[in-house]
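Here's the structure, in structure tokens; my notes come after.
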Amino acid sequence: IVLPTYGRPGTLACAVQSVLHQTLSRWRLLVIGDGCGEETAAALAPFLADPRIRYVNLPWRCGEQALPNSAGMACASTDRIAFLNHDDLWLPTHLEAACHQLDHTGADFFLGRSAWIWEAPASAGAPLAIETISPLQQSFHQVFVSGFHGVEPVSAWVVTRALADKVGPWRR
């Protein structure tokens with residue numbers, strides 16, 4: 001799992017928690033800092049006792065996720081690579097569903113579903129209001145022509161190592 005981050009340590013901690021709650025427990029998490037400060041290292045410190053989690057902070061800031069994602073792909077030593085942005089969360093079965101689908105179909109690319117929450121709850125105990133959920137059974141064509149609410153964020157992707165190596169590093 002490649003998780004790029006910069007400047008949102010509280011949100012990052014929530015994203016890491018969503019990885020820890022996966023029903024599939026055989027994973028490795030590479031948190032790639034985009035030239036992050038000490039507050040990010042402090043937020044990650046409690047999680048680093050888990051040997052599956054590693055933090056790599058790039059020595060300079062590039063300002064977007066292409067370089068952190070590429071660095072994470074280069075550091076990954078697994079047959080599959082999942083992506084999770086620091087401001088996104090996974091449902092507990094995300095990795096299990098992705099791996100099952102890749103195993104079942106022999107595909108190199110898994111594109112999960114997404115839900116968007118645009119407004120923070122009014123109070124700490126208030127429920128979250130999901131405003132948009134991506135439709136079931138979309139083709140690639142439908143995903144890419146349906147506009148912002150239909151395009152799945154990278155946090156919904158799981159790719160094989162073979163595909164990642166074939167496509168190569170991310171570009172700006």
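Just so we're on the same page: first chain in the structure tokens is A, next is B, and so on; residues restart at 1 for each chain, and ligands are numbered from 1 in the order they show up.
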Quick one: everything within 10 Å of Pro59 in chain A, counting only C-alpha atoms, minus sequence neighbours fewer than 3 positions away in the same chain. Send it as a ChimeraX atom specification.
-> /A:33-36,56,62
Go ahead and write the selection's residues with N, CA, C and O atoms as a compact mmCIF listing (two decimals), in the first residue's frame.
# COMPACT_ATOMS: atom_id res chain seq x y z
N GLY A 33 6.27 10.53 2.73
CA GLY A 33 6.13 11.95 3.01
C GLY A 33 6.70 12.80 1.90
O GLY A 33 7.77 12.51 1.36
N ASP A 34 6.00 13.85 1.56
CA ASP A 34 6.44 14.78 0.52
C ASP A 34 7.20 15.93 1.18
O ASP A 34 6.76 17.07 1.19
N GLY A 35 8.36 15.60 1.79
CA GLY A 35 9.14 16.60 2.52
C GLY A 35 8.39 17.09 3.75
O GLY A 35 8.32 18.29 4.00
N CYS A 36 7.84 16.17 4.51
CA CYS A 36 6.99 16.50 5.66
C CYS A 36 7.80 16.98 6.86
O CYS A 36 8.98 16.65 7.00
N VAL A 56 8.78 6.72 4.90
CA VAL A 56 9.89 7.27 4.13
C VAL A 56 9.53 8.72 3.83
O VAL A 56 8.51 8.98 3.18
N CYS A 62 7.78 18.06 -3.48
CA CYS A 62 7.47 18.19 -4.91
C CYS A 62 6.09 18.81 -5.14
O CYS A 62 5.81 19.29 -6.21
Just list the residues in range 62-119 of chain A DSSP gives strand (DSSP E or B) on the backbone, as a VMD selection string.
-> chain A and resid 80 to 83 109 to 111 115 to 116
Close residues, Pro68 in chain A itself excluded, 10 Å, only C-alpha atoms, min 5 positions apart in chain, as a PyMOL selection string | chain A and resi 2-6+31-35+56-58+61-63+73-74+170
Only N, CA and C atoms, please: the residues just picked out, written as a short mmCIF file (atom, residue, chain, number, x, y, z; two decimals), in the first residue's frame.
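Written out: again.cif:
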data_model
loop_
_atom_site.label_atom_id
_atom_site.label_comp_id
_atom_site.auth_asym_id
_atom_site.auth_seq_id
_atom_site.Cartn_x
_atom_site.Cartn_y
_atom_site.Cartn_z
N VAL A 2 0.70 2.10 -0.95
CA VAL A 2 1.45 3.35 -1.05
C VAL A 2 0.51 4.48 -0.60
N LEU A 3 0.95 5.21 0.42
CA LEU A 3 0.15 6.29 0.99
C LEU A 3 0.99 7.58 1.00
N PRO A 4 0.84 8.45 -0.02
CA PRO A 4 1.57 9.71 -0.03
C PRO A 4 0.92 10.70 0.94
N THR A 5 1.74 11.57 1.54
CA THR A 5 1.18 12.50 2.51
C THR A 5 1.97 13.80 2.56
N TYR A 6 1.27 14.84 2.96
CA TYR A 6 1.90 16.12 3.28
C TYR A 6 0.93 16.97 4.08
N VAL A 31 4.22 4.70 3.91
CA VAL A 31 3.78 6.09 3.97
C VAL A 31 4.94 6.92 3.42
N ILE A 32 4.66 7.64 2.35
CA ILE A 32 5.70 8.42 1.67
C ILE A 32 5.42 9.91 1.91
N GLY A 33 6.27 10.53 2.73
CA GLY A 33 6.13 11.95 3.01
C GLY A 33 6.70 12.80 1.90
N ASP A 34 6.00 13.85 1.56
CA ASP A 34 6.44 14.78 0.52
C ASP A 34 7.20 15.93 1.18
N GLY A 35 8.36 15.60 1.79
CA GLY A 35 9.14 16.60 2.52
C GLY A 35 8.39 17.09 3.75
N VAL A 56 8.78 6.72 4.90
CA VAL A 56 9.89 7.27 4.13
C VAL A 56 9.53 8.72 3.83
N ASN A 57 10.35 9.64 4.31
CA ASN A 57 10.10 11.06 4.06
C ASN A 57 11.08 11.56 3.00
N LEU A 58 10.55 12.00 1.87
CA LEU A 58 11.41 12.51 0.80
C LEU A 58 12.14 13.75 1.28
N ARG A 61 10.22 18.77 -1.11
CA ARG A 61 8.79 18.78 -1.40
C ARG A 61 8.58 18.95 -2.90
N CYS A 62 7.78 18.06 -3.48
CA CYS A 62 7.47 18.19 -4.91
C CYS A 62 6.09 18.81 -5.14
N GLY A 63 5.21 18.78 -4.14
CA GLY A 63 3.94 19.49 -4.22
C GLY A 63 2.80 18.77 -4.90
N MET A 73 6.09 3.02 -5.16
CA MET A 73 6.12 1.87 -6.07
C MET A 73 7.53 1.29 -6.15
N ALA A 74 8.54 2.15 -6.16
CA ALA A 74 9.93 1.68 -6.23
C ALA A 74 10.33 0.93 -4.96
N TRP A 170 4.98 7.43 -12.10
CA TRP A 170 3.93 8.42 -12.32
C TRP A 170 4.55 9.66 -12.94
#
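Going from CA of Glu38 in chain A to CA of Pro9 in chain A covers 9.8 Å.
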When DSSP works through the backbone of this structure, what residues of range 41-168 of chain A end up as alpha helix (DSSP H), shown as a ChimeraX atom specification?
-> /A:41-44,66-75,94-105,140-145,161-167
Please save C-alpha atoms of the selected residues as an mmCIF file, in the first residue's frame.
data_model
loop_
_atom_site.group_PDB
_atom_site.id
_atom_site.type_symbol
_atom_site.label_atom_id
_atom_site.label_comp_id
_atom_site.auth_asym_id
_atom_site.auth_seq_id
_atom_site.Cartn_x
_atom_site.Cartn_y
_atom_site.Cartn_z
ATOM 1 C CA ALA A 41 6.532 11.808 12.029
ATOM 2 C CA ALA A 42 4.896 12.370 15.426
ATOM 3 C CA ALA A 43 1.458 11.373 14.102
ATOM 4 C CA LEU A 44 2.900 8.175 12.608
ATOM 5 C CA ALA A 66 3.417 11.727 -8.679
ATOM 6 C CA LEU A 67 6.839 11.564 -7.028
ATOM 7 C CA PRO A 68 5.622 10.121 -3.683
ATOM 8 C CA ASN A 69 3.568 7.465 -5.533
ATOM 9 C CA SER A 70 6.552 6.611 -7.757
ATOM 10 C CA ALA A 71 8.868 6.407 -4.731
ATOM 11 C CA GLY A 72 6.387 4.102 -3.011
ATOM 12 C CA MET A 73 6.119 1.875 -6.073
ATOM 13 C CA ALA A 74 9.926 1.675 -6.227
ATOM 14 C CA CYS A 75 10.133 0.709 -2.536
ATOM 15 C CA HIS A 94 -11.375 -3.022 0.388
ATOM 16 C CA LEU A 95 -8.164 -5.053 0.042
ATOM 17 C CA GLU A 96 -9.945 -8.378 0.374
ATOM 18 C CA ALA A 97 -12.404 -7.451 -2.400
ATOM 19 C CA ALA A 98 -9.627 -6.123 -4.640
ATOM 20 C CA CYS A 99 -7.429 -9.207 -4.244
ATOM 21 C CA HIS A 100 -10.390 -11.555 -4.721
ATOM 22 C CA GLN A 101 -11.366 -9.773 -7.927
ATOM 23 C CA LEU A 102 -7.795 -9.762 -9.272
ATOM 24 C CA ASP A 103 -7.410 -13.475 -8.423
ATOM 25 C CA HIS A 104 -10.799 -14.369 -9.912
ATOM 26 C CA THR A 105 -10.406 -12.436 -13.180
ATOM 27 C CA PHE A 140 -13.638 2.211 -18.137
ATOM 28 C CA HIS A 141 -15.329 4.412 -20.729
ATOM 29 C CA GLN A 142 -18.184 5.271 -18.331
ATOM 30 C CA VAL A 143 -15.746 6.074 -15.515
ATOM 31 C CA PHE A 144 -13.738 8.513 -17.586
ATOM 32 C CA VAL A 145 -16.640 10.337 -19.263
ATOM 33 C CA ARG A 161 3.544 -5.290 -9.994
ATOM 34 C CA ALA A 162 3.749 -6.367 -13.652
ATOM 35 C CA LEU A 163 1.425 -3.544 -14.719
ATOM 36 C CA ALA A 164 3.203 -0.990 -12.517
ATOM 37 C CA ASP A 165 6.559 -1.975 -14.005
ATOM 38 C CA LYS A 166 5.163 -1.852 -17.547
ATOM 39 C CA VAL A 167 3.572 1.592 -17.118
#
For each of A:Phe109, A:Pro169, A:Pro121, A:Asp87, take the minimum atom-to-atom distance to Cys14 in chain A, counting only C-alpha atoms, then give the residue where this is smallest.
-> A:Asp87
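Interatomic distance, CA of Leu12 in chain A against CA of Leu89 in chain A: 9.4 Å.
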Between CA of Arg113 in chain A and CA of Arg26 in chain A - distance in Å to one decimal = 21.6 Å
